[in-house]
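Asker: Just structure.cif, nothing more (mmCIF, C-alpha atoms):
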```cif
data_model
loop_
_atom_site.label_atom_id
_atom_site.label_comp_id
_atom_site.auth_asym_id
_atom_site.auth_seq_id
_atom_site.Cartn_x
_atom_site.Cartn_y
_atom_site.Cartn_z
CA MET A 29 51.61 59.31 1.05
CA SER A 30 49.05 56.92 -0.33
CA THR A 31 49.73 53.73 -2.16
CA GLY A 32 47.80 50.94 -3.80
CA GLU A 33 44.03 50.62 -3.65
CA ASN A 34 43.83 52.78 -0.54
CA ALA A 35 44.71 55.89 -2.57
CA ASP A 36 41.09 56.03 -3.70
CA ALA A 37 39.99 56.26 -0.08
CA VAL A 38 41.46 59.75 0.17
CA ASN A 39 40.98 61.10 -3.35
CA CYS A 40 38.03 59.30 -4.87
CA SER A 41 38.36 58.96 -8.62
CA ASN A 42 34.76 57.87 -9.04
CA PRO A 43 32.66 59.60 -6.37
CA ILE A 44 29.10 58.44 -5.79
CA ASP A 45 26.51 61.05 -6.69
CA ALA A 46 25.04 62.75 -3.62
CA ALA A 47 21.49 61.85 -4.68
CA ILE A 48 22.47 58.18 -4.92
CA LEU A 49 23.96 58.41 -1.44
CA ALA A 50 20.65 59.89 -0.27
CA ASP A 51 18.82 56.97 -1.88
CA TYR A 52 21.22 54.61 -0.14
CA TRP A 53 20.49 56.27 3.21
CA LEU A 54 16.77 56.03 2.47
CA ALA A 55 17.17 52.32 1.66
CA VAL A 56 15.51 52.68 -1.74
CA LEU A 57 18.33 51.48 -3.99
CA PRO A 58 17.83 48.18 -5.83
CA GLY A 59 19.87 45.31 -4.34
CA PRO A 60 22.78 45.21 -6.82
CA GLU A 61 23.15 49.00 -6.75
CA GLU A 62 23.11 49.01 -2.96
CA GLU A 63 25.81 46.31 -2.88
CA ALA A 64 27.98 48.33 -5.26
CA VAL A 65 27.57 51.45 -3.12
CA GLU A 66 28.46 49.53 0.05
CA GLU A 67 31.53 47.97 -1.53
CA HIS A 68 32.66 51.45 -2.55
CA LEU A 69 31.93 52.99 0.86
CA LEU A 70 33.91 50.30 2.67
CA GLY A 71 36.96 51.43 0.72
CA CYS A 72 36.40 55.16 0.33
CA ASP A 73 36.61 57.75 3.10
CA ARG A 74 35.81 60.62 0.75
CA CYS A 75 32.42 59.17 -0.17
CA GLY A 76 31.92 58.19 3.46
CA GLU A 77 32.37 61.85 4.32
CA ARG A 78 29.80 62.78 1.69
CA LEU A 79 27.39 60.21 3.13
CA ARG A 80 27.82 61.83 6.55
CA GLU A 81 26.88 65.15 4.95
CA ILE A 82 23.76 63.52 3.49
CA ILE A 83 22.83 62.04 6.88
CA ALA A 84 23.28 65.46 8.48
CA LEU A 85 21.13 66.99 5.74
CA ALA A 86 18.41 64.38 6.28
CA GLU A 87 18.44 64.97 10.04
CA GLY A 88 18.42 68.73 9.43
CA ILE A 89 15.37 68.47 7.19
CA ARG A 90 13.57 66.44 9.87
CA SER A 91 14.42 69.08 12.43
CA VAL A 92 13.30 71.96 10.19
CA ALA A 93 10.05 70.19 9.34
CA ARG A 94 9.38 69.31 12.98
CA GLU A 95 9.69 72.89 14.22
CA GLY A 96 6.79 74.03 12.02
CA SER A 97 8.50 77.07 10.55
CA LEU A 98 8.17 76.13 6.87
CA ARG A 99 5.42 77.86 4.93
CA MET A 100 4.15 75.06 2.75
CA VAL A 101 1.31 72.80 1.76
CA VAL A 102 1.47 69.65 3.85
CA SER A 103 -0.12 66.24 3.62
CA ASP A 104 -2.49 64.67 6.12
CA LEU A 105 0.28 62.13 6.72
CA PHE A 106 2.51 64.99 7.83
CA LEU A 107 -0.13 66.12 10.32
CA MET A 108 -0.69 62.58 11.53
CA ARG A 109 3.01 62.07 12.09
CA ALA A 110 3.30 65.41 13.90
CA ALA A 111 0.43 64.44 16.20
CA GLU A 112 1.99 61.03 16.82
CA ALA A 113 5.24 62.78 17.73
CA GLY A 114 3.35 64.69 20.40
CA LEU A 115 3.31 68.00 18.54
CA ARG A 116 0.30 70.22 19.10
CA VAL A 117 -1.42 71.05 15.83
CA ARG A 118 -3.77 74.04 15.68
CA GLU A 119 -5.97 74.06 12.60
CA TYR A 120 -8.44 76.61 11.26
CA ALA A 121 -10.82 75.93 8.39
CA PRO A 122 -12.62 79.03 7.16
CA PRO A 123 -15.27 78.38 4.50
CA PRO A 124 -14.51 79.60 0.96
CA GLY A 125 -15.40 83.29 0.85
CA GLY A 126 -15.54 83.44 4.63
CA GLY A 127 -13.28 84.13 7.56
CA VAL A 128 -12.25 82.76 10.91
CA GLN A 129 -10.99 84.21 14.20
CA CYS A 130 -7.66 82.65 15.06
CA THR A 131 -4.65 82.80 17.33
CA VAL A 132 -1.63 80.79 18.43
CA THR A 133 -0.44 80.02 21.93
CA ALA A 134 2.97 79.21 23.32
CA GLU A 135 2.04 75.52 23.45
CA ASP A 136 1.22 75.25 19.73
CA ASP A 137 3.77 73.59 17.45
CA ILE A 138 2.09 73.50 14.06
CA LEU A 139 -0.38 76.00 12.55
CA ILE A 140 -2.60 74.87 9.69
CA GLY A 141 -5.08 76.69 7.47
CA ARG A 142 -7.45 74.16 5.89
CA LEU A 143 -8.64 75.62 2.59
CA ALA A 144 -11.60 73.85 0.99
CA ALA A 145 -12.22 74.34 -2.72
CA ASN A 146 -13.40 72.53 -5.81
CA LEU A 147 -10.02 71.47 -7.13
CA SER A 148 -11.26 68.94 -9.67
CA GLY A 149 -9.88 69.58 -13.11
CA ALA A 150 -7.41 72.21 -11.94
CA LYS A 151 -4.07 71.54 -13.60
CA GLN A 152 -2.19 74.17 -11.67
CA VAL A 153 -3.18 75.83 -8.43
CA ASP A 154 -1.32 78.69 -6.80
CA LEU A 155 -1.74 79.79 -3.21
CA CYS A 156 -1.50 83.55 -2.75
CA ILE A 157 -0.87 85.03 0.68
CA CYS A 158 -2.19 88.59 0.89
CA ASP A 159 -2.26 91.37 3.47
CA GLU A 160 -5.40 92.83 5.02
CA ARG A 161 -6.08 94.90 1.87
CA GLY A 162 -5.87 91.85 -0.32
CA VAL A 163 -2.52 92.84 -1.81
CA GLU A 164 -0.46 89.75 -2.59
CA GLN A 165 2.63 89.43 -0.42
CA PHE A 166 3.93 86.16 -1.72
CA ARG A 167 2.79 83.16 -3.68
CA LEU A 168 3.31 79.43 -3.57
CA PRO A 169 3.10 78.51 -7.25
CA ASN A 170 1.90 75.14 -8.48
CA ILE A 171 1.17 73.69 -5.08
CA PRO A 172 1.06 69.90 -4.81
CA LEU A 173 -2.45 68.51 -5.03
CA HIS A 174 -3.54 65.06 -4.01
CA PRO A 175 -5.77 63.71 -6.79
CA GLY A 176 -9.38 63.92 -5.65
CA ALA A 177 -8.58 66.29 -2.78
CA SER A 178 -11.30 68.71 -1.76
CA SER A 179 -9.05 70.88 0.38
CA ILE A 180 -5.42 71.71 0.97
CA ALA A 181 -3.62 72.04 4.31
CA TYR A 182 -1.37 75.09 4.36
CA GLN A 183 1.18 75.28 7.14
CA GLU A 184 1.91 78.84 8.21
CA SER A 185 5.17 79.41 10.05
CA ILE A 186 4.42 79.00 13.76
CA THR A 187 7.54 81.01 14.55
CA LEU A 188 6.28 83.90 12.44
CA MET A 189 2.76 83.80 13.82
CA LYS A 190 3.89 83.61 17.44
CA ALA A 191 5.72 86.86 16.83
CA ALA A 192 2.94 88.43 14.73
CA PRO A 193 0.78 91.29 16.05
CA THR A 194 -2.99 91.17 15.68
CA LEU A 195 -3.59 91.20 11.92
CA LYS A 196 -5.78 90.08 9.07
CA MET A 197 -4.37 87.70 6.45
CA ILE A 198 -6.16 86.78 3.26
CA MET A 199 -5.37 83.64 1.30
CA ARG A 200 -6.50 82.87 -2.20
CA LEU A 201 -6.41 79.69 -4.20
CA VAL A 202 -6.24 80.45 -7.91
CA THR A 203 -6.07 78.35 -11.04
CA PHE A 204 -5.61 79.29 -14.69
CA ASP A 205 -7.83 79.17 -17.75
CA GLU A 206 -6.73 78.16 -21.25
CA ALA A 207 -5.53 81.68 -21.98
CA GLY A 208 -3.45 81.77 -18.81
CA GLY A 209 -5.82 84.08 -16.97
CA GLU A 210 -6.24 83.61 -13.22
CA CYS A 211 -9.48 82.12 -11.91
CA LEU A 212 -10.31 82.36 -8.23
CA LEU A 213 -11.06 79.03 -6.58
CA GLY A 214 -11.54 80.38 -3.09
CA GLU A 215 -10.69 83.25 -0.77
CA TYR A 216 -10.19 82.81 2.97
CA THR A 217 -9.73 85.42 5.67
CA PHE A 218 -7.79 84.74 8.86
CA ASN A 219 -8.34 87.29 11.63
CA HIS A 220 -5.38 86.64 13.83
CA THR A 221 -5.46 87.91 17.40
CA ARG A 222 -2.22 88.01 19.24
CA SER A 223 -2.33 86.06 22.49
CA LEU A 224 1.37 86.14 23.32
CA PRO A 225 3.19 89.17 24.74
CA GLY A 226 4.92 91.35 22.17
CA PRO A 227 4.79 94.60 20.21
CA ALA A 228 1.45 95.73 18.79
CA ALA A 229 2.84 96.08 15.28
CA TRP A 230 5.64 94.63 13.13
CA MET B 2 54.18 55.20 9.70
CA ASP B 3 56.01 56.70 6.70
CA LYS B 4 53.48 55.67 4.10
CA GLU B 5 49.93 54.49 4.05
CA TRP B 6 49.73 50.76 3.54
CA SER B 7 47.40 49.34 0.95
CA ASP B 8 44.66 47.09 2.28
CA GLY B 9 46.63 44.07 1.06
CA GLU B 10 49.82 45.16 2.82
CA LEU B 11 47.85 45.85 5.96
CA ALA B 12 46.26 42.40 5.94
CA ARG B 13 49.60 40.69 5.29
CA ARG B 14 51.34 42.57 8.09
CA ILE B 15 48.69 41.59 10.61
CA GLY B 16 48.74 38.01 9.33
CA SER B 17 52.51 37.71 9.66
CA GLY B 18 52.48 38.22 13.41
CA THR B 19 51.43 40.65 16.07
CA ASP B 20 52.03 43.98 14.35
CA ILE B 21 50.50 46.51 16.73
CA GLN B 22 50.99 49.37 14.29
CA ALA B 23 49.19 47.56 11.50
CA GLU B 24 46.36 46.55 13.79
CA ALA B 25 45.97 50.12 14.94
CA GLU B 26 45.87 51.24 11.32
CA LEU B 27 43.19 48.63 10.56
CA PHE B 28 41.03 50.05 13.34
CA ARG B 29 41.66 53.66 12.30
CA ARG B 30 40.87 52.96 8.66
CA MET B 31 37.90 50.65 8.94
CA ALA B 32 36.04 51.80 12.06
CA PRO B 33 34.39 54.92 10.53
CA ARG B 34 33.36 52.97 7.43
CA ILE B 35 31.86 50.12 9.43
CA ARG B 36 30.07 52.61 11.68
CA LEU B 37 28.41 54.22 8.64
CA TYR B 38 27.29 50.79 7.45
CA GLY B 39 25.85 50.19 10.90
CA LEU B 40 24.04 53.52 10.99
CA ARG B 41 22.45 52.78 7.64
CA HIS B 42 21.29 49.29 8.56
CA LEU B 43 20.62 49.59 12.29
CA ARG B 44 19.54 53.27 12.49
CA ASP B 45 21.00 53.56 15.95
CA ALA B 46 24.35 55.02 16.98
CA ALA B 47 24.88 52.64 19.90
CA ALA B 48 24.02 49.60 17.78
CA ALA B 49 26.35 50.88 15.04
CA GLU B 50 29.10 51.13 17.64
CA ASP B 51 28.46 47.54 18.75
CA LEU B 52 28.63 46.46 15.13
CA THR B 53 31.91 48.31 14.62
CA GLN B 54 33.53 46.56 17.55
CA GLU B 55 32.27 43.15 16.55
CA VAL B 56 33.36 43.47 12.92
CA LEU B 57 36.79 44.78 13.87
CA ILE B 58 37.33 41.93 16.32
CA THR B 59 36.14 39.33 13.83
CA THR B 60 38.36 40.80 11.12
CA LEU B 61 41.36 40.93 13.43
CA GLU B 62 40.71 37.35 14.49
CA ALA B 63 40.60 36.21 10.86
CA LEU B 64 43.72 38.15 9.85
CA ARG B 65 45.78 36.92 12.80
CA ALA B 66 44.75 33.36 12.02
CA GLY B 67 45.64 33.85 8.34
CA ARG B 68 42.13 33.00 7.21
CA LEU B 69 41.97 35.80 4.62
CA ARG B 70 43.35 34.02 1.54
CA GLU B 71 43.34 37.10 -0.69
CA PRO B 72 44.61 39.98 1.45
CA GLU B 73 43.82 42.50 -1.32
CA LYS B 74 40.14 41.71 -0.75
CA LEU B 75 40.14 43.03 2.79
CA THR B 76 37.30 45.46 1.99
CA SER B 77 35.11 42.68 0.63
CA PHE B 78 35.85 40.57 3.69
CA VAL B 79 34.91 43.43 6.01
CA LEU B 80 31.70 44.06 4.05
CA GLY B 81 30.74 40.41 4.25
CA THR B 82 31.50 40.42 7.97
CA CYS B 83 29.33 43.53 8.37
CA ARG B 84 26.42 41.77 6.70
CA MET B 85 26.77 38.70 8.90
CA ALA B 86 27.23 40.80 12.02
CA VAL B 87 24.06 42.79 11.34
CA LEU B 88 22.18 39.51 11.16
CA ASP B 89 23.89 38.35 14.37
CA LEU B 90 23.10 41.59 16.17
CA ARG B 91 19.50 41.15 15.25
CA ARG B 92 19.51 37.57 16.47
CA GLY B 93 21.33 37.98 19.74
CA SER B 94 24.55 38.92 21.44
CA GLN B 95 26.10 35.59 22.47
CA ARG B 96 28.83 35.63 19.80
CA LYS B 97 29.63 39.23 20.60
CA GLU B 98 30.15 38.39 24.28
CA ARG B 99 32.46 35.50 23.39
CA LEU B 100 34.54 37.64 21.04
CA LEU B 101 34.75 40.50 23.50
CA GLN B 102 36.06 38.13 26.17
CA GLN B 103 38.71 36.79 23.80
CA PHE B 104 39.81 40.01 22.09
CA GLY B 105 38.46 42.80 24.27
CA ALA B 106 41.86 43.67 25.69
CA ASP B 107 43.26 44.28 22.19
CA LEU B 108 40.37 46.44 21.11
CA GLN B 109 41.31 50.08 20.87
CA ALA B 110 38.56 52.67 20.95
CA PRO B 111 38.04 53.51 17.27
CA VAL B 112 38.15 57.14 16.28
CA GLN B 113 34.68 58.52 15.67
CA PRO B 114 34.45 61.12 12.90
CA SER B 115 31.84 63.63 13.91
CA MET B 116 28.75 64.32 11.84
CA PRO B 117 28.85 67.67 10.02
CA VAL B 118 26.96 70.42 11.83
CA LEU B 119 24.61 72.33 9.56
CA ASP B 120 23.55 75.96 9.93
CA HIS B 121 19.91 75.44 10.91
CA GLU B 122 18.73 78.89 9.80
CA GLN B 123 20.44 78.52 6.45
CA LEU B 124 18.92 75.06 5.96
CA THR B 125 15.46 76.45 6.75
CA ARG B 126 15.96 79.10 4.06
CA CYS B 127 17.24 76.50 1.61
CA VAL B 128 14.25 74.20 2.18
CA GLN B 129 11.87 77.16 1.95
CA ASN B 130 13.43 78.20 -1.35
CA LEU B 131 12.77 74.85 -3.00
CA LYS B 132 9.88 74.68 -5.43
CA GLU B 133 6.62 73.51 -3.89
CA ARG B 134 6.76 69.98 -5.23
CA GLU B 135 10.42 69.59 -4.32
CA ARG B 136 9.78 70.78 -0.78
CA THR B 137 6.82 68.43 -0.44
CA VAL B 138 8.83 65.48 -1.73
CA VAL B 139 11.73 66.28 0.60
CA VAL B 140 9.55 66.70 3.69
CA MET B 141 7.42 63.66 2.93
CA THR B 142 10.55 61.59 2.34
CA PHE B 143 12.82 62.68 5.15
CA TYR B 144 10.29 63.73 7.81
CA ASP B 145 7.15 61.73 7.09
CA GLU B 146 9.35 58.77 6.08
CA ARG B 147 6.99 57.91 3.25
CA THR B 148 8.02 55.60 0.45
CA GLY B 149 8.40 56.82 -3.12
CA ALA B 150 5.11 55.10 -3.91
CA ASP B 151 3.31 56.98 -1.12
CA VAL B 152 4.72 60.31 -2.25
CA ALA B 153 3.87 59.52 -5.87
CA SER B 154 0.31 58.66 -4.89
CA PHE B 155 -0.11 61.88 -2.89
CA LEU B 156 1.19 64.04 -5.71
CA GLY B 157 -0.40 62.13 -8.56
CA LEU B 158 3.02 61.49 -10.11
CA SER B 159 4.97 58.40 -11.09
CA GLU B 160 7.58 56.98 -8.70
CA ALA B 161 10.24 57.70 -11.31
CA ASN B 162 9.17 61.33 -11.38
CA VAL B 163 9.32 61.53 -7.59
CA ARG B 164 12.84 60.09 -7.71
CA VAL B 165 13.92 62.76 -10.21
CA ILE B 166 12.39 65.50 -8.05
CA ARG B 167 14.06 64.09 -4.92
CA HIS B 168 17.46 63.91 -6.62
CA ARG B 169 17.15 67.47 -7.90
CA ALA B 170 16.13 68.69 -4.45
CA VAL B 171 19.07 66.95 -2.75
CA HIS B 172 21.49 68.58 -5.19
CA GLN B 173 19.88 71.99 -4.73
CA LEU B 174 19.96 71.73 -0.96
CA ARG B 175 23.61 70.71 -0.95
CA GLU B 176 24.46 73.56 -3.30
CA CYS B 177 22.47 75.99 -1.18
CA MET B 178 24.32 74.76 1.93
CA GLY B 179 27.64 75.34 0.22
CA ALA B 180 28.59 71.71 -0.41
CA ALA B 181 30.03 70.49 -3.67
CA VAL B 182 27.24 68.54 -5.39
#
```
Would you mind writing the file out in structure tokens?

Answerer:
Amino acid sequence: MSTGENADAVNCSNPIDAAILADYWLAVLPGPEEEAVEEHLLGCDRCGERLREIIALAEGIRSVAREGSLRMVVSDLFLMRAAEAGLRVREYAPPPGGGVQCTVTAEDDILIGRLAANLSGAKQVDLCICDERGVEQFRLPNIPLHPGASSIAYQESITLMKAAPTLKMIMRLVTFDEAGGECLLGEYTFNHTRSLPGPAAW
Amino acid sequence: MDKEWSDGELARRIGSGTDIQAEAELFRRMAPRIRLYGLRHLRDAAAAEDLTQEVLITTLEALRAGRLREPEKLTSFVLGTCRMAVLDLRRGSQRKERLLQQFGADLQAPVQPSMPVLDHEQLTRCVQNLKERERTVVVMTFYDERTGADVASFLGLSEANVRVIRHRAVHQLRECMGAAV
């Protein structure tokens, strides 16, 4: 049975939004808002439990990002931090319209394709991942672009590529004209040779 | 204990004499909350544990001595003590040693609520399923530990926009992981 002000500790009548709790954990709340959150948390176990979920989520995201299995465009800061953390980054940079011979070893932690292109003026850029025939397998729409960037760093899943047989992968950066038609910014071929033991095909 | 005491009742009981049950309840109730405060401000589990012990001892000391004039404001007192203790912990450990010598025998090991364990594979899928910008904001924020201004600069967005994207991503990830948003 709960009585008095401690009743709120069990069944919170005014729970703090999860995103605000994330901001609190990130230490980005303005002073008065942070004080209000702390006052609430010192009297509320339910929101404390939600904050623990947020902390676990934050730690989980760090762990997922660290293991290099996300297929995503990453920043140079990401690569710098990975290198500082002792992770081994393998990077290939085929020229636009060209290709590169590549592989991954057991020691590699992060695999990067550096795709150079003239990105100035492009409002939206999609990254298309294609098979050896050039048939699109999946697409990262509207990838984040650093203003003034002359290339993007695409992280391929290291887990996937360590398991992959010898294969050819084609990547395309495309933008869109006024009518919505696709315009090719660059095409890049990765000739992956398997260097780890495993089956010859998927 | 038949019913859960309010903070005010708890403070009054401890202040009226040596009420072991009330003191135990103070530790049970406040320790996890203080530990969270410590994790947020000290970013270290061991330091958060030190903070928890120091704040509980200081609070107990104050309650036994009847120094809390408004018992209903126990939470505010604990919060204020947390703030001072964080400053103390950063300055040195002399006060902590003195308090541990005086009250160490009364200090019961506070219960530690465990952190939730997430399904790593599911979280990977959830992060992968975010939109590109959301995923970038989330990774830059939680892994790269970049400020909102840094992320905004990288993406060519305003800080306010990055905040909106981050909030949306947090909600989506929690939903994807099966938590109530």

Asker: Extract, using all atoms listed in the file, all DNA, RNA and protein residues at most 8 Å from stretch 145-158 of chain A, discarding same-chain residues fewer than 3 positions from it, and format them as a list of chain:residue names.

Answerer: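 Near stretch 145-158 of chain A, the qualifying residues are A:Pro124, A:Arg161, A:Gly162, A:Val163, A:Glu164, A:Gln165, A:Phe166, A:Arg167, A:Leu168, A:Pro169, A:Asn170, A:Ile171, A:Gly176, A:Ala177, A:Ser178, A:Ser179, A:Met197, A:Ile198, A:Met199, A:Arg200, A:Leu201, A:Val202, A:Thr203, A:Phe204, A:Leu213, A:Gly214.
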
Asker: Write out as a compact mmCIF listing (two decimals) with C-alpha atoms, in the frame of the given file which residues come within 8 Å of stretch 127-130 of chain B when counting only C-alpha atoms, dropping same-chain ones fewer than 6 positions away.

Answerer:
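Contents of result.txt, as written:
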```
# COMPACT_ATOMS: atom_id res chain seq x y z
CA ILE A 89 15.37 68.47 7.19
CA LEU A 98 8.17 76.13 6.87
CA ARG A 99 5.42 77.86 4.93
CA ARG B 136 9.78 70.78 -0.78
CA LEU B 174 19.96 71.73 -0.96
CA CYS B 177 22.47 75.99 -1.18
CA MET B 178 24.32 74.76 1.93
```

Asker: I need the output of the PyMOL selection byres ((chain A) within 7 of (chain B)) for this file as a PyMOL selection string; which residues are they?

Answerer: chain A and resi 29-34+46-47+53+67+69-71+76+80-81+84+86+89-90+92-93+98+102+105-106+109+168-175

Asker: Given the file shown, enumerate the residues that the PyMOL selection byres ((chain A and resi 107) around 10) captures and present them as a compact mmCIF listing (two decimals) with C-alpha atoms, in the coordinates of the input.

Answerer:
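Writing done, so here's result.txt:
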```
# COMPACT_ATOMS: atom_id res chain seq x y z
CA VAL A 102 1.47 69.65 3.85
CA SER A 103 -0.12 66.24 3.62
CA ASP A 104 -2.49 64.67 6.12
CA LEU A 105 0.28 62.13 6.72
CA PHE A 106 2.51 64.99 7.83
CA MET A 108 -0.69 62.58 11.53
CA ARG A 109 3.01 62.07 12.09
CA ALA A 110 3.30 65.41 13.90
CA ALA A 111 0.43 64.44 16.20
CA GLU A 112 1.99 61.03 16.82
CA ALA A 113 5.24 62.78 17.73
CA LEU A 115 3.31 68.00 18.54
CA ARG A 116 0.30 70.22 19.10
CA VAL A 117 -1.42 71.05 15.83
CA ILE A 138 2.09 73.50 14.06
CA ILE A 140 -2.60 74.87 9.69
CA ALA A 181 -3.62 72.04 4.31
CA GLN A 183 1.18 75.28 7.14
CA ASP B 145 7.15 61.73 7.09
```

Asker: Quick one: pull the distance between atom CA of A:Cys72 and atom CA of B:Leu90, Å, one decimal.

Answerer: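 Computing the Euclidean distance for atom CA of A:Cys72 and atom CA of B:Leu90 yields 24.7 Å.
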
Asker: I'd like the interatomic distance between atom CA of A:Arg142 and atom CA of A:Ala121, to a tenth of an Å.

Answerer: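 Going from atom CA of A:Arg142 over to atom CA of A:Ala121 covers 4.6 Å.
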
Asker: Do you know which residues are at most 10 Å from B:Arg14 counting all atoms listed in the file, after dropping those on the same chain fewer than 4 positions away, and could you put them as a list in words?

Answerer: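 Listing them by chain and then by number gives Trp6, Asp8, Gly9, Glu10, Gly18, Thr19, Asp20, Ile21, Gln22, Ala23, Glu24, Leu64, Arg65 and Pro72 of chain B.
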
Asker: For A:Thr131, find every residue with an atom within 9 Å (counting all atoms listed in the file), except residues of its own chain fewer than 3 positions away, and show them as a ChimeraX atom specification.

Answerer: /A:118,189-190,194,219-223

Asker: Which residue, A:Ile83, A:Cys211, A:Gly126, A:Ala229, has the smallest gap to A:Leu54 when you use only C-alpha atoms?

Answerer: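 Looking only at the distances to A:Leu54, the closest residue turns out to be A:Ile83.
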
Asker: Rounded to one decimal, what separation in Å do you get between atom CA of B:Gln54 and atom CA of A:Asn42?

Answerer: 28.9 Å

Asker: When you count all atoms listed in the file, which of these residues is closest to A:Pro123: A:Leu57, A:Leu139, A:Ala144, A:Val65?

Answerer: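 Checking each candidate against A:Pro123, we get A:Ala144 as the closest.
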
Asker: Report as lines of an AutoDock Vina configuration file the centre and the edge lengths, in Å to one decimal, of the axis-aligned box holding every listed atom of stretch 107-124 of chain A, padded by 6 Å on each side.

Answerer:
```
center_x = -5.0
center_y = 70.3
center_z = 10.7
size_x = 32.5
size_y = 30.6
size_z = 31.4
```

Asker: Would you kindly place N, CA and C atoms on stretch 45-62 of chain A and return the model as a PDB file, keeping the file's coordinate frame?

Answerer:
```
ATOM      1  N   ASP A  45      27.356  59.864  -6.654  1.00  0.00           N
ATOM      2  CA  ASP A  45      26.510  61.050  -6.690  1.00  0.00           C
ATOM      3  C   ASP A  45      25.784  61.217  -5.355  1.00  0.00           C
ATOM      4  N   ALA A  46      25.671  62.475  -4.917  1.00  0.00           N
ATOM      5  CA  ALA A  46      25.040  62.750  -3.620  1.00  0.00           C
ATOM      6  C   ALA A  46      23.607  62.234  -3.562  1.00  0.00           C
ATOM      7  N   ALA A  47      22.888  62.325  -4.672  1.00  0.00           N
ATOM      8  CA  ALA A  47      21.490  61.850  -4.680  1.00  0.00           C
ATOM      9  C   ALA A  47      21.425  60.333  -4.529  1.00  0.00           C
ATOM     10  N   ILE A  48      22.420  59.641  -5.081  1.00  0.00           N
ATOM     11  CA  ILE A  48      22.470  58.180  -4.920  1.00  0.00           C
ATOM     12  C   ILE A  48      22.784  57.830  -3.459  1.00  0.00           C
ATOM     13  N   LEU A  49      23.673  58.626  -2.860  1.00  0.00           N
ATOM     14  CA  LEU A  49      23.960  58.410  -1.440  1.00  0.00           C
ATOM     15  C   LEU A  49      22.705  58.644  -0.602  1.00  0.00           C
ATOM     16  N   ALA A  50      21.913  59.643  -0.993  1.00  0.00           N
ATOM     17  CA  ALA A  50      20.650  59.890  -0.270  1.00  0.00           C
ATOM     18  C   ALA A  50      19.711  58.697  -0.439  1.00  0.00           C
ATOM     19  N   ASP A  51      19.649  58.156  -1.648  1.00  0.00           N
ATOM     20  CA  ASP A  51      18.820  56.970  -1.880  1.00  0.00           C
ATOM     21  C   ASP A  51      19.321  55.784  -1.048  1.00  0.00           C
ATOM     22  N   TYR A  52      20.650  55.684  -0.954  1.00  0.00           N
ATOM     23  CA  TYR A  52      21.220  54.610  -0.140  1.00  0.00           C
ATOM     24  C   TYR A  52      20.779  54.776   1.321  1.00  0.00           C
ATOM     25  N   TRP A  53      20.882  55.999   1.819  1.00  0.00           N
ATOM     26  CA  TRP A  53      20.490  56.270   3.210  1.00  0.00           C
ATOM     27  C   TRP A  53      19.006  55.982   3.415  1.00  0.00           C
ATOM     28  N   LEU A  54      18.205  56.264   2.378  1.00  0.00           N
ATOM     29  CA  LEU A  54      16.770  56.030   2.470  1.00  0.00           C
ATOM     30  C   LEU A  54      16.397  54.560   2.234  1.00  0.00           C
ATOM     31  N   ALA A  55      17.388  53.759   1.905  1.00  0.00           N
ATOM     32  CA  ALA A  55      17.170  52.320   1.660  1.00  0.00           C
ATOM     33  C   ALA A  55      16.230  52.084   0.487  1.00  0.00           C
ATOM     34  N   VAL A  56      16.395  52.867  -0.580  1.00  0.00           N
ATOM     35  CA  VAL A  56      15.510  52.680  -1.740  1.00  0.00           C
ATOM     36  C   VAL A  56      16.282  52.245  -2.989  1.00  0.00           C
ATOM     37  N   LEU A  57      17.563  51.944  -2.828  1.00  0.00           N
ATOM     38  CA  LEU A  57      18.330  51.480  -3.990  1.00  0.00           C
ATOM     39  C   LEU A  57      18.013  50.002  -4.259  1.00  0.00           C
ATOM     40  N   PRO A  58      17.973  49.616  -5.531  1.00  0.00           N
ATOM     41  CA  PRO A  58      17.830  48.180  -5.830  1.00  0.00           C
ATOM     42  C   PRO A  58      19.045  47.419  -5.289  1.00  0.00           C
ATOM     43  N   GLY A  59      18.841  46.127  -4.968  1.00  0.00           N
ATOM     44  CA  GLY A  59      19.870  45.310  -4.340  1.00  0.00           C
ATOM     45  C   GLY A  59      21.271  45.421  -4.937  1.00  0.00           C
ATOM     46  N   PRO A  60      21.436  45.171  -6.239  1.00  0.00           N
ATOM     47  CA  PRO A  60      22.780  45.210  -6.820  1.00  0.00           C
ATOM     48  C   PRO A  60      23.433  46.597  -6.704  1.00  0.00           C
ATOM     49  N   GLU A  61      22.603  47.636  -6.849  1.00  0.00           N
ATOM     50  CA  GLU A  61      23.150  49.000  -6.750  1.00  0.00           C
ATOM     51  C   GLU A  61      23.566  49.293  -5.313  1.00  0.00           C
ATOM     52  N   GLU A  62      22.765  48.808  -4.366  1.00  0.00           N
ATOM     53  CA  GLU A  62      23.110  49.010  -2.960  1.00  0.00           C
ATOM     54  C   GLU A  62      24.417  48.282  -2.624  1.00  0.00           C
TER      55      GLU A  62
END
```
